[in-house]
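**Q** Sharing input06.cif here; it has mmCIF, C-alpha atoms and all ligand atoms.
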```cif
data_upload
loop_
_atom_site.label_atom_id
_atom_site.label_comp_id
_atom_site.auth_asym_id
_atom_site.auth_seq_id
_atom_site.Cartn_x
_atom_site.Cartn_y
_atom_site.Cartn_z
CA MET A 25 59.36 106.05 92.14
CA LYS A 26 58.87 109.46 90.53
CA PRO A 27 57.16 112.14 92.61
CA SER A 28 53.83 113.38 91.25
CA GLY A 29 54.66 116.98 92.20
CA PRO A 30 56.86 118.86 94.61
CA ILE A 31 56.86 117.77 98.24
CA LEU A 32 55.97 120.98 99.97
CA PRO A 33 57.05 122.21 103.40
CA GLY A 34 54.98 120.36 105.98
CA GLY A 35 55.92 117.05 104.34
CA THR A 36 58.42 114.58 105.78
CA LEU A 37 61.94 114.03 104.48
CA GLY A 38 64.10 111.07 105.46
CA VAL A 39 67.85 110.60 105.41
CA LEU A 40 69.87 107.40 105.49
CA GLY A 41 72.78 108.03 107.82
CA GLY A 42 73.00 109.96 111.06
CA GLY A 43 76.35 111.77 110.73
CA GLN A 44 77.03 115.50 110.62
CA LEU A 45 75.93 115.81 107.00
CA GLY A 46 72.56 114.32 107.94
CA ARG A 47 72.37 116.69 110.89
CA MET A 48 72.92 119.78 108.74
CA PHE A 49 70.48 118.41 106.14
CA ALA A 50 67.87 117.95 108.88
CA HIS A 51 68.48 121.49 110.17
CA ALA A 52 67.90 122.88 106.66
CA ALA A 53 64.78 120.76 106.16
CA GLN A 54 63.39 121.78 109.54
CA GLN A 55 64.03 125.45 108.81
CA LEU A 56 61.88 125.06 105.70
CA GLY A 57 59.13 123.44 107.77
CA TYR A 58 59.64 119.75 106.96
CA ARG A 59 59.51 116.92 109.45
CA THR A 60 62.67 114.83 109.41
CA VAL A 61 63.40 111.15 109.98
CA VAL A 62 66.88 109.67 110.27
CA LEU A 63 67.80 106.01 109.86
CA ASP A 64 71.02 105.14 111.69
CA PRO A 65 72.10 102.20 113.85
CA ASP A 66 73.65 104.47 116.49
CA SER A 67 71.44 105.61 119.39
CA ASP A 68 73.37 108.87 119.77
CA SER A 69 74.16 110.06 116.25
CA PRO A 70 74.58 113.76 115.32
CA ALA A 71 71.50 113.70 113.05
CA GLY A 72 69.42 111.23 115.04
CA SER A 73 69.60 113.44 118.11
CA ILE A 74 68.05 116.45 116.34
CA ALA A 75 65.59 114.78 113.92
CA HIS A 76 61.89 114.52 114.69
CA GLN A 77 62.19 110.75 114.54
CA GLN A 78 64.95 108.18 114.36
CA VAL A 79 64.69 104.67 113.02
CA GLN A 80 67.47 102.88 114.84
CA THR A 81 68.41 99.92 112.66
CA ASP A 82 71.13 98.84 110.32
CA TYR A 83 71.04 100.41 106.81
CA LEU A 84 70.00 97.13 105.19
CA ASP A 85 67.44 96.10 107.81
CA ALA A 86 64.20 95.35 105.91
CA GLN A 87 61.96 96.40 108.79
CA GLY A 88 63.92 99.63 109.33
CA LEU A 89 63.75 100.54 105.64
CA ALA A 90 60.01 99.78 105.59
CA THR A 91 59.46 102.03 108.62
CA LEU A 92 61.48 104.82 107.01
CA ALA A 93 59.54 104.50 103.75
CA ALA A 94 56.22 104.53 105.58
CA SER A 95 57.12 107.68 107.55
CA CYS A 96 58.50 109.81 104.70
CA ASP A 97 57.54 111.46 101.42
CA ALA A 98 61.09 111.20 100.01
CA VAL A 99 64.48 109.95 101.16
CA THR A 100 68.08 111.04 100.62
CA THR A 101 71.43 109.82 101.89
CA GLU A 102 74.24 111.58 103.69
CA PHE A 103 76.72 108.79 103.90
CA GLU A 104 78.66 107.90 100.81
CA ASN A 105 78.98 104.27 101.68
CA VAL A 106 75.35 103.66 102.51
CA PRO A 107 74.63 100.43 100.63
CA ALA A 108 73.14 101.18 97.21
CA PRO A 109 70.71 98.22 97.61
CA ALA A 110 69.11 100.06 100.55
CA LEU A 111 68.37 103.00 98.25
CA ALA A 112 67.08 100.66 95.55
CA ARG A 113 64.75 99.00 98.05
CA LEU A 114 63.38 102.36 99.21
CA ALA A 115 62.93 103.54 95.62
CA GLU A 116 60.28 100.86 95.11
CA GLN A 117 58.12 102.80 97.55
CA LEU A 118 58.98 106.49 97.42
CA PRO A 119 61.19 109.03 95.61
CA VAL A 120 64.88 108.56 96.47
CA ALA A 121 67.49 111.17 95.56
CA PRO A 122 70.18 110.53 94.52
CA ALA A 123 69.22 107.25 92.86
CA ALA A 124 70.93 103.99 93.85
CA GLU A 125 72.56 103.67 90.43
CA ALA A 126 74.17 107.12 90.60
CA VAL A 127 75.38 106.46 94.14
CA ALA A 128 76.82 103.10 93.02
CA VAL A 129 78.92 104.87 90.35
CA CYS A 130 80.28 107.31 92.96
CA GLN A 131 81.04 104.45 95.35
CA ASP A 132 83.37 102.68 92.96
CA ARG A 133 86.53 104.52 91.88
CA ALA A 134 86.80 102.48 88.69
CA ARG A 135 83.22 103.24 87.60
CA GLU A 136 83.62 106.85 88.69
CA LYS A 137 86.72 107.37 86.56
CA GLN A 138 85.07 105.62 83.62
CA HIS A 139 82.14 108.03 83.99
CA PHE A 140 84.53 111.01 83.93
CA ARG A 141 86.07 109.65 80.74
CA ASP A 142 82.66 109.05 79.19
CA CYS A 143 81.85 112.70 79.91
CA GLY A 144 85.09 113.83 78.26
CA VAL A 145 86.47 115.05 81.60
CA PRO A 146 90.20 114.36 82.10
CA CYS A 147 91.21 112.27 85.13
CA ALA A 148 94.52 110.79 86.32
CA PRO A 149 95.86 107.90 84.19
CA PHE A 150 94.82 104.72 86.00
CA ALA A 151 94.53 100.96 85.85
CA VAL A 152 91.97 98.71 87.50
CA ILE A 153 93.52 95.95 89.61
CA GLU A 154 91.27 93.06 90.53
CA THR A 155 93.49 90.08 89.65
CA ASP A 156 97.14 89.05 89.83
CA ALA A 157 97.28 89.13 86.05
CA GLN A 158 96.14 92.77 85.99
CA LEU A 159 98.73 93.59 88.64
CA GLN A 160 101.54 91.98 86.61
CA ALA A 161 100.41 93.76 83.46
CA VAL A 162 100.39 97.25 84.97
CA ASP A 163 101.97 99.90 82.79
CA PRO A 164 105.16 101.01 84.65
CA GLY A 165 104.38 104.51 83.40
CA LEU A 166 101.72 104.70 86.15
CA LEU A 167 104.49 104.63 88.78
CA PRO A 168 105.10 106.37 91.08
CA GLY A 169 101.43 106.02 91.84
CA ILE A 170 98.77 105.69 94.49
CA LEU A 171 96.96 102.41 94.95
CA LYS A 172 93.42 103.09 96.17
CA THR A 173 90.74 100.60 97.13
CA ALA A 174 87.93 100.90 94.60
CA ARG A 175 85.35 101.07 97.38
CA LEU A 176 84.97 102.38 100.94
CA GLY A 177 87.96 104.76 101.00
CA TYR A 178 87.66 108.21 102.57
CA ASP A 179 89.88 110.83 104.20
CA GLY A 180 92.97 109.20 102.65
CA LYS A 181 92.12 105.78 104.11
CA GLY A 182 92.47 102.76 101.84
CA GLN A 183 95.37 104.32 99.92
CA VAL A 184 99.04 103.40 99.63
CA ARG A 185 101.71 105.30 97.74
CA VAL A 186 103.81 103.01 95.56
CA ALA A 187 106.97 103.70 93.61
CA SER A 188 107.97 100.29 92.20
CA PRO A 189 106.31 97.09 90.94
CA ALA A 190 107.46 95.30 94.13
CA ALA A 191 105.92 98.02 96.30
CA LEU A 192 102.73 97.76 94.27
CA GLN A 193 102.54 94.02 94.94
CA ALA A 194 103.11 94.60 98.66
CA ALA A 195 100.56 97.42 98.77
CA TRP A 196 97.89 95.27 97.14
CA ASP A 197 98.56 92.55 99.74
CA GLU A 198 98.36 95.17 102.48
CA LEU A 199 94.98 96.35 101.18
CA GLY A 200 93.69 92.77 101.34
CA ARG A 201 93.78 92.17 97.56
CA VAL A 202 90.38 93.84 97.19
CA PRO A 203 89.53 95.53 93.87
CA CYS A 204 91.70 98.65 93.53
CA VAL A 205 92.69 101.35 91.10
CA LEU A 206 96.27 102.38 90.62
CA GLU A 207 96.52 106.06 89.78
CA GLN A 208 99.55 107.87 88.52
CA ARG A 209 100.77 110.33 91.16
CA LEU A 210 100.27 113.79 89.71
CA ASP A 211 102.17 116.98 90.37
CA LEU A 212 99.46 119.02 92.10
CA ALA A 213 99.58 122.81 92.29
CA PHE A 214 96.42 122.95 94.40
CA GLU A 215 93.03 121.28 94.88
CA VAL A 216 89.56 122.67 94.28
CA SER A 217 86.04 121.31 94.39
CA VAL A 218 82.65 122.38 93.14
CA ILE A 219 79.18 121.62 94.38
CA VAL A 220 76.28 121.38 91.97
CA ALA A 221 72.64 120.59 92.58
CA ARG A 222 70.13 119.15 90.13
CA ASN A 223 66.44 118.50 90.64
CA VAL A 224 64.17 115.98 88.99
CA GLN A 225 63.05 118.62 86.47
CA GLY A 226 66.70 118.83 85.31
CA GLU A 227 67.40 122.33 86.66
CA LEU A 228 71.11 122.64 87.50
CA VAL A 229 72.80 125.19 89.75
CA HIS A 230 76.31 125.48 91.14
CA PHE A 231 78.29 127.18 93.88
CA PRO A 232 81.54 128.99 93.15
CA LEU A 233 84.63 126.78 93.32
CA GLN A 234 86.39 126.41 96.63
CA GLN A 235 90.09 125.75 97.16
CA ASN A 236 90.93 122.96 99.60
CA LEU A 237 93.96 122.22 101.72
CA HIS A 238 94.29 118.69 103.11
CA ARG A 239 96.40 117.55 106.06
CA ASP A 240 97.12 113.85 106.46
CA GLY A 241 94.50 113.09 103.79
CA ILE A 242 91.74 114.98 105.66
CA LEU A 243 90.31 118.31 104.56
CA ALA A 244 91.72 121.03 106.81
CA VAL A 245 90.96 124.42 105.23
CA THR A 246 88.59 125.59 102.49
CA THR A 247 88.88 129.07 100.96
CA VAL A 248 86.37 130.77 98.72
CA PRO A 249 86.69 132.41 96.25
CA ALA A 250 89.49 130.00 95.34
CA PRO A 251 92.55 132.29 95.50
CA ASP A 252 94.67 130.57 92.86
CA LEU A 253 92.02 129.67 90.31
CA THR A 254 91.63 131.48 86.99
CA ALA A 255 88.16 132.36 85.68
CA GLU A 256 88.82 130.11 82.71
CA LEU A 257 89.57 127.02 84.86
CA GLN A 258 86.62 127.84 87.11
CA ALA A 259 84.26 127.85 84.13
CA ARG A 260 85.75 124.60 82.83
CA ALA A 261 85.34 122.85 86.20
CA ILE A 262 81.72 123.99 86.53
CA GLY A 263 80.95 122.81 83.00
CA ALA A 264 82.59 119.44 83.74
CA ALA A 265 80.67 118.97 87.00
CA GLU A 266 77.37 119.87 85.36
CA THR A 267 78.01 117.39 82.54
CA ILE A 268 78.95 114.71 85.08
CA ALA A 269 75.69 115.30 87.00
CA ALA A 270 73.39 115.62 83.99
CA THR A 271 74.82 112.52 82.27
CA LEU A 272 74.11 110.50 85.42
CA GLY A 273 70.54 111.83 85.49
CA TYR A 274 71.56 112.89 88.96
CA VAL A 275 69.07 114.33 91.46
CA GLY A 276 70.49 115.96 94.58
CA VAL A 277 73.72 117.64 95.58
CA LEU A 278 76.94 116.40 94.01
CA CYS A 279 80.49 117.47 94.80
CA VAL A 280 83.29 116.98 92.28
CA GLU A 281 86.91 117.30 93.43
CA PHE A 282 89.53 118.47 90.97
CA PHE A 283 93.29 118.76 90.94
CA VAL A 284 94.96 121.72 89.27
CA LEU A 285 98.36 120.50 88.11
CA ARG A 286 101.57 122.50 87.98
CA ASP A 287 101.30 122.58 84.19
CA GLY A 288 97.96 124.40 84.59
CA SER A 289 95.71 121.52 83.57
CA LEU A 290 92.52 120.51 85.36
CA VAL A 291 91.92 116.87 86.32
CA ALA A 292 88.83 115.39 88.00
CA ASN A 293 89.73 113.40 91.12
CA GLU A 294 86.56 112.00 92.64
CA MET A 295 82.95 112.85 93.38
CA ALA A 296 80.63 112.53 96.34
CA PRO A 297 76.89 111.98 95.92
CA ARG A 298 75.92 114.32 98.73
CA PRO A 299 76.81 117.63 100.34
CA HIS A 300 80.53 117.79 101.03
CA ASN A 301 82.84 118.95 103.79
CA SER A 302 84.33 121.49 101.37
CA GLY A 303 80.86 123.07 100.97
CA HIS A 304 80.23 123.86 104.61
CA TYR A 305 81.12 127.53 104.07
CA THR A 306 77.84 127.82 102.13
CA LEU A 307 75.99 127.77 105.47
CA ASP A 308 77.24 131.26 106.30
CA ALA A 309 78.68 132.78 103.12
CA CYS A 310 75.90 132.07 100.61
CA ASP A 311 72.24 133.02 100.38
CA VAL A 312 71.33 129.32 100.06
CA SER A 313 73.38 126.50 101.58
CA GLN A 314 74.34 123.16 100.06
CA PHE A 315 71.97 121.52 102.55
CA GLU A 316 69.01 123.68 101.56
CA LEU A 317 69.71 122.78 97.94
CA GLN A 318 69.70 119.10 98.91
CA VAL A 319 66.25 119.64 100.42
CA ARG A 320 65.00 121.59 97.41
CA ALA A 321 66.40 119.08 94.91
CA MET A 322 64.89 116.01 96.58
CA ALA A 323 61.58 117.77 97.18
CA GLY A 324 61.32 118.89 93.55
CA LEU A 325 61.25 122.56 94.58
CA PRO A 326 62.78 125.26 92.37
CA LEU A 327 66.56 125.54 92.59
CA VAL A 328 67.97 129.03 92.82
CA ALA A 329 71.47 129.95 91.73
CA PRO A 330 73.43 130.44 94.95
CA ARG A 331 75.08 133.80 95.53
CA LEU A 332 78.27 134.10 97.55
CA HIS A 333 77.70 137.19 99.68
CA SER A 334 80.99 137.05 101.58
CA PRO A 335 84.46 135.66 101.08
CA ALA A 336 84.93 132.77 103.49
CA ILE A 337 87.39 130.40 105.06
CA MET A 338 86.31 127.15 106.68
CA LEU A 339 88.50 125.48 109.26
CA ASN A 340 87.69 121.84 109.94
CA LEU A 341 87.66 121.10 113.67
CA LEU A 342 89.13 117.66 114.25
CA GLY A 343 89.14 115.87 117.60
CA ASP A 344 92.87 116.58 117.95
CA LEU A 345 91.95 120.13 119.05
CA TRP A 346 90.43 118.67 122.22
CA PHE A 347 93.77 117.12 123.19
CA ARG A 348 96.16 120.05 122.84
CA ASP A 349 99.42 119.83 124.78
CA GLY A 350 98.80 116.12 125.39
CA GLN A 351 96.30 116.97 128.13
CA ALA A 352 93.09 115.17 128.98
CA GLU A 353 90.10 116.02 126.78
CA THR A 354 89.38 119.75 127.15
CA GLU A 355 87.07 122.03 125.20
CA PRO A 356 88.90 124.40 122.81
CA PRO A 357 88.81 128.16 123.69
CA TRP A 358 85.45 128.93 122.04
CA GLU A 359 84.91 132.15 123.93
CA ALA A 360 88.04 133.72 122.45
CA VAL A 361 87.20 132.39 118.97
CA LEU A 362 83.64 133.74 119.13
CA ALA A 363 84.92 137.14 120.25
CA LEU A 364 86.45 137.58 116.79
CA PRO A 365 84.30 139.18 114.05
CA GLY A 366 82.65 136.93 111.47
CA THR A 367 83.23 133.59 113.21
CA HIS A 368 80.45 131.01 112.89
CA LEU A 369 80.95 127.88 114.99
CA HIS A 370 79.24 124.63 113.98
CA LEU A 371 79.64 121.69 116.34
CA TYR A 372 78.12 118.35 115.50
CA GLY A 373 77.07 117.22 118.97
CA LYS A 374 79.50 114.29 119.18
CA ARG A 375 79.93 113.33 122.81
CA SER A 376 83.59 112.40 122.78
CA ALA A 377 86.51 113.68 120.77
CA ARG A 378 89.07 111.41 119.12
CA PRO A 379 92.08 112.44 117.06
CA GLY A 380 91.03 112.69 113.41
CA ARG A 381 87.30 112.70 114.25
CA LYS A 382 85.32 115.51 112.61
CA MET A 383 83.83 117.36 115.58
CA GLY A 384 82.69 120.51 113.81
CA HIS A 385 83.83 123.33 111.59
CA LEU A 386 84.38 127.05 111.92
CA ASN A 387 83.30 129.37 109.12
CA ILE A 388 84.81 132.82 108.92
CA THR A 389 83.16 135.52 106.84
CA GLY A 390 84.05 139.18 106.46
CA ALA A 391 84.09 142.28 104.30
CA SER A 392 87.22 141.30 102.36
CA ALA A 393 89.34 138.26 101.65
CA SER A 394 92.24 139.78 103.57
CA GLN A 395 90.10 140.43 106.66
CA VAL A 396 88.80 136.86 106.54
CA ARG A 397 92.36 135.59 106.23
CA GLU A 398 93.47 137.62 109.24
CA VAL A 399 90.65 136.35 111.45
CA ALA A 400 91.24 132.78 110.25
CA GLN A 401 94.90 133.13 111.14
CA ARG A 402 93.97 134.36 114.61
CA CYS A 403 91.52 131.43 115.05
CA ALA A 404 94.17 128.96 113.94
CA GLU A 405 96.56 130.39 116.55
CA LEU A 406 93.91 130.16 119.27
CA LEU A 407 93.05 126.60 118.32
CA GLY A 408 96.55 125.42 117.40
P1 LIG B 1 89.63 110.39 99.63
O1 LIG B 1 88.44 109.55 99.30
O2 LIG B 1 90.39 109.86 100.79
O3 LIG B 1 89.31 111.86 99.70
P2 LIG B 1 91.21 111.09 97.29
O4 LIG B 1 91.27 110.29 96.05
O5 LIG B 1 90.51 112.40 97.19
O6 LIG B 1 90.59 110.15 98.40
O7 LIG B 1 92.69 111.32 97.81
C1 LIG B 1 92.98 112.05 98.99
C2 LIG B 1 94.06 113.09 98.71
O8 LIG B 1 95.27 112.43 98.24
C3 LIG B 1 93.72 114.06 97.61
O9 LIG B 1 92.93 115.13 98.11
C4 LIG B 1 95.11 114.49 97.14
O10 LIG B 1 95.67 115.43 98.04
C5 LIG B 1 95.91 113.21 97.24
N1 LIG B 1 95.88 112.48 95.95
C6 LIG B 1 94.94 111.57 95.58
N2 LIG B 1 95.16 111.09 94.35
C7 LIG B 1 96.29 111.70 93.90
C8 LIG B 1 97.06 111.62 92.69
N3 LIG B 1 96.71 110.82 91.67
N4 LIG B 1 98.16 112.39 92.60
C9 LIG B 1 98.56 113.20 93.62
N5 LIG B 1 97.86 113.34 94.77
C10 LIG B 1 96.75 112.59 94.93
MG MG B 2 88.89 113.24 98.22
#
```
How does the structure come out when it is put into structure tokens?
Ligand code: ADP
Ligand code: MG
**A**
Amino acid sequence: MKPSGPILPGGTLGVLGGGQLGRMFAHAAQQLGYRTVVLDPDSDSPAGSIAHQQVQTDYLDAQGLATLAASCDAVTTEFENVPAPALARLAEQLPVAPAAEAVAVCQDRAREKQHFRDCGVPCAPFAVIETDAQLQAVDPGLLPGILKTARLGYDGKGQVRVASPAALQAAWDELGRVPCVLEQRLDLAFEVSVIVARNVQGELVHFPLQQNLHRDGILAVTTVPAPDLTAELQARAIGAAETIAATLGYVGVLCVEFFVLRDGSLVANEMAPRPHNSGHYTLDACDVSQFELQVRAMAGLPLVAPRLHSPAIMLNLLGDLWFRDGQAETEPPWEAVLALPGTHLHLYGKRSARPGRKMGHLNITGASASQVREVAQRCAELLG
């Protein structure tokens, strides 16, 4: 359903999914004066615990979706793998951003890569593997490669590195012979991502590119401005992301991840139909955050071009930090971290820490990139 006009503050915005992205979306919506409703099956989710209302059902529960639709003026999603049919069902009753069809493209690596190609945006050479015949026929030039499940992968999960046809066969068995893509392994110099937002009127804005460092497949550190990126590559990545969003008729916040290869070329990796972990610095370093833009885009409000007012580094805070020195679960030394200038701590309200679990993030802002780097280094030592 198309909105008849903007949904103004005072209205009610819903989000499918109760994780940290939903929590920060709800905070942004509440700051602007909206009521918020979260649908999530968990009774103690990060977003559910701070929203005005929670509908506690499964994402595909007909009654839950009906209750959400009846309580809201528009709905968004925070969880990449929220079933597209749930969004389609809601869209019969109220505006949904992003649309089910756009989310479905982002949820399937094969469709996603095809969309990049259709937009003229380079991506890694790949083959779709859904059958034994396709596996046998794989171009050996794609090896060494990475076999990735087409759906439901995140934080490096659902991926196996393969160097030979025999290893490829074994990897596909290991992944349960579900539909996969085999990607050629590229020689990465570094990784960047860009966040764009588009509203139903077709206005498009973008944040500056951020440079991302992953550890064990999980985002660890984001730095902005991206220290190694040239202005020319930055402009090319922004243009590519805007084309990718506009061609999808996308409404909402979209993150596109890119690789910069050692030969200097830019390759699109994947996209997420929602605010992204690599955009959390926008909460403290920009005059409008990725979450406020999600609110504005879905509500049909004007989008403003974000301005970075401080260099920033974001450190992801994984549950491992709660188990330093192999001890029992203990809170990291927040007091010492918060005594440093320009530290902004964001914790997601998760009751128990687990290794690899995203517990929060720490944004560091400052007068110069070198000062931010120094404080970030100090924080890493305190937390390490
Ligand atoms: P996820 O959904 O887990 O984020 P990605 O496709 O982004 O999946 O892969 C996770 C990480 O693995 C990337 O950030 C990058 O470091 C590495 N990677 C993925 N694909 C390739 C590739 N084709 N060549 C080299 N490194 C890759
Ligand atoms: Mg990724």
**Q** From the set A:Ala86, A:Val218, A:Val184, A:Ala98, which residue has the shortest atom-to-atom contact distance to ligand LIG 1 (chain B), counting only C-alpha atoms and all ligand atoms?
**A**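 When distances to ligand LIG 1 (chain B) are compared using only C-alpha atoms and all ligand atoms, the smallest one comes from A:Val184.
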**Q** Counting only C-alpha atoms and all ligand atoms, which residues in chain A sit no more than 8 Å from ligand LIG 1 (chain B)? For each one, give the nearest pair of atoms and the distance in Å, sorted by chain then residue number, as CSV.
**A**
```
residue,atom,partner,partner_atom,distance
A:Ala148,CA,B:LIG1,N3,5.8
A:Gly169,CA,B:LIG1,N3,6.7
A:Ile170,CA,B:LIG1,N3,6.2
A:Lys172,CA,B:LIG1,O4,7.5
A:Gly177,CA,B:LIG1,O1,5.1
A:Tyr178,CA,B:LIG1,O1,3.6
A:Asp179,CA,B:LIG1,O2,3.6
A:Gly180,CA,B:LIG1,O2,3.2
A:Lys181,CA,B:LIG1,O2,5.5
A:Gly182,CA,B:LIG1,O2,7.5
A:Gln183,CA,B:LIG1,O2,7.5
A:Glu207,CA,B:LIG1,N3,5.1
A:Gln208,CA,B:LIG1,N3,5.2
A:Arg209,CA,B:LIG1,N4,3.6
A:Leu210,CA,B:LIG1,N4,3.8
A:Asp211,CA,B:LIG1,C9,6.2
A:Leu212,CA,B:LIG1,C9,6.1
A:Glu215,CA,B:LIG1,O9,6.9
A:Leu237,CA,B:LIG1,O10,7.9
A:His238,CA,B:LIG1,O10,6.2
A:Gly241,CA,B:LIG1,C2,5.1
A:Ile242,CA,B:LIG1,O3,7.2
A:Leu243,CA,B:LIG1,O9,7.7
A:Glu281,CA,B:LIG1,O5,7.1
A:Phe283,CA,B:LIG1,C4,7.7
A:Asn293,CA,B:LIG1,O4,6.0
A:Glu294,CA,B:LIG1,O5,6.0
```
**Q** Kindly indicate which residue among A:Glu154, A:Gly380, A:Glu102, A:Arg201 lies nearest to Gly276 in chain A, using all atoms listed in the file for the distances.
**A**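 Closest candidate: A:Glu102.
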**Q** Give the answer as one residue: which of A:Asp311, A:Asp197, A:Asp240, A:Glu116 has the shortest atom-to-atom distance to ligand MG 2 (chain B), using only C-alpha atoms and all ligand atoms?
**A**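 Smallest separation from ligand MG 2 (chain B) among the options: A:Asp240.
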**Q** Given all atoms listed in the file as the basis, pick out the residue of A:Glu198, A:Cys130, A:Lys382, A:Tyr274 nearest to ligand MG 2 (chain B).
**A** A:Cys130
**Q** Near range 156-163 of chain A, counting all atoms listed in the file, which residues have an atom at most 10 Å away, once you skip same-chain residues fewer than 2 positions from it, shown as a PDB file with C-alpha atoms, keeping the file's coordinate frame?
**A**
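Ended up saving to result.pdb:
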```pdb
ATOM      1  CA  PHE A 150      94.820 104.720  86.000  1.00  0.00           C
ATOM      2  CA  ALA A 151      94.530 100.960  85.850  1.00  0.00           C
ATOM      3  CA  VAL A 152      91.970  98.710  87.500  1.00  0.00           C
ATOM      4  CA  ILE A 153      93.520  95.950  89.610  1.00  0.00           C
ATOM      5  CA  GLU A 154      91.270  93.060  90.530  1.00  0.00           C
ATOM      6  CA  GLY A 165     104.380 104.510  83.400  1.00  0.00           C
ATOM      7  CA  LEU A 166     101.720 104.700  86.150  1.00  0.00           C
ATOM      8  CA  LEU A 167     104.490 104.630  88.780  1.00  0.00           C
ATOM      9  CA  PRO A 189     106.310  97.090  90.940  1.00  0.00           C
ATOM     10  CA  LEU A 192     102.730  97.760  94.270  1.00  0.00           C
ATOM     11  CA  GLN A 193     102.540  94.020  94.940  1.00  0.00           C
ATOM     12  CA  TRP A 196      97.890  95.270  97.140  1.00  0.00           C
ATOM     13  CA  ARG A 201      93.780  92.170  97.560  1.00  0.00           C
ATOM     14  CA  CYS A 204      91.700  98.650  93.530  1.00  0.00           C
ATOM     15  CA  LEU A 206      96.270 102.380  90.620  1.00  0.00           C
TER      16      LEU A 206
END
```
**Q** Please determine, counting only C-alpha atoms and all ligand atoms, which residue among A:Ser334, A:Asn236, A:Thr246, A:Ser289 has the shortest atom-to-atom distance to ligand MG 2 (chain B).
**A**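 That would be A:Asn236, the residue with the smallest distance to ligand MG 2 (chain B).
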**Q** Can you pull out every residue within 9 Å of range 256-264 of chain A, counting only C-alpha atoms, but drop anything in the same chain fewer than 3 positions away, and send it as a ChimeraX atom specification?
**A** /A:140,143-145,217-220,230-233,250,253,267-269,280,282,284,288-292
**Q** With all atoms listed in the file as the atoms that count, which of A:Val328, A:Leu84, A:Val312, A:Leu285 lies nearest to Pro109 in chain A?
**A**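 Among the listed residues, the smallest separation from Pro109 in chain A belongs to A:Leu84.
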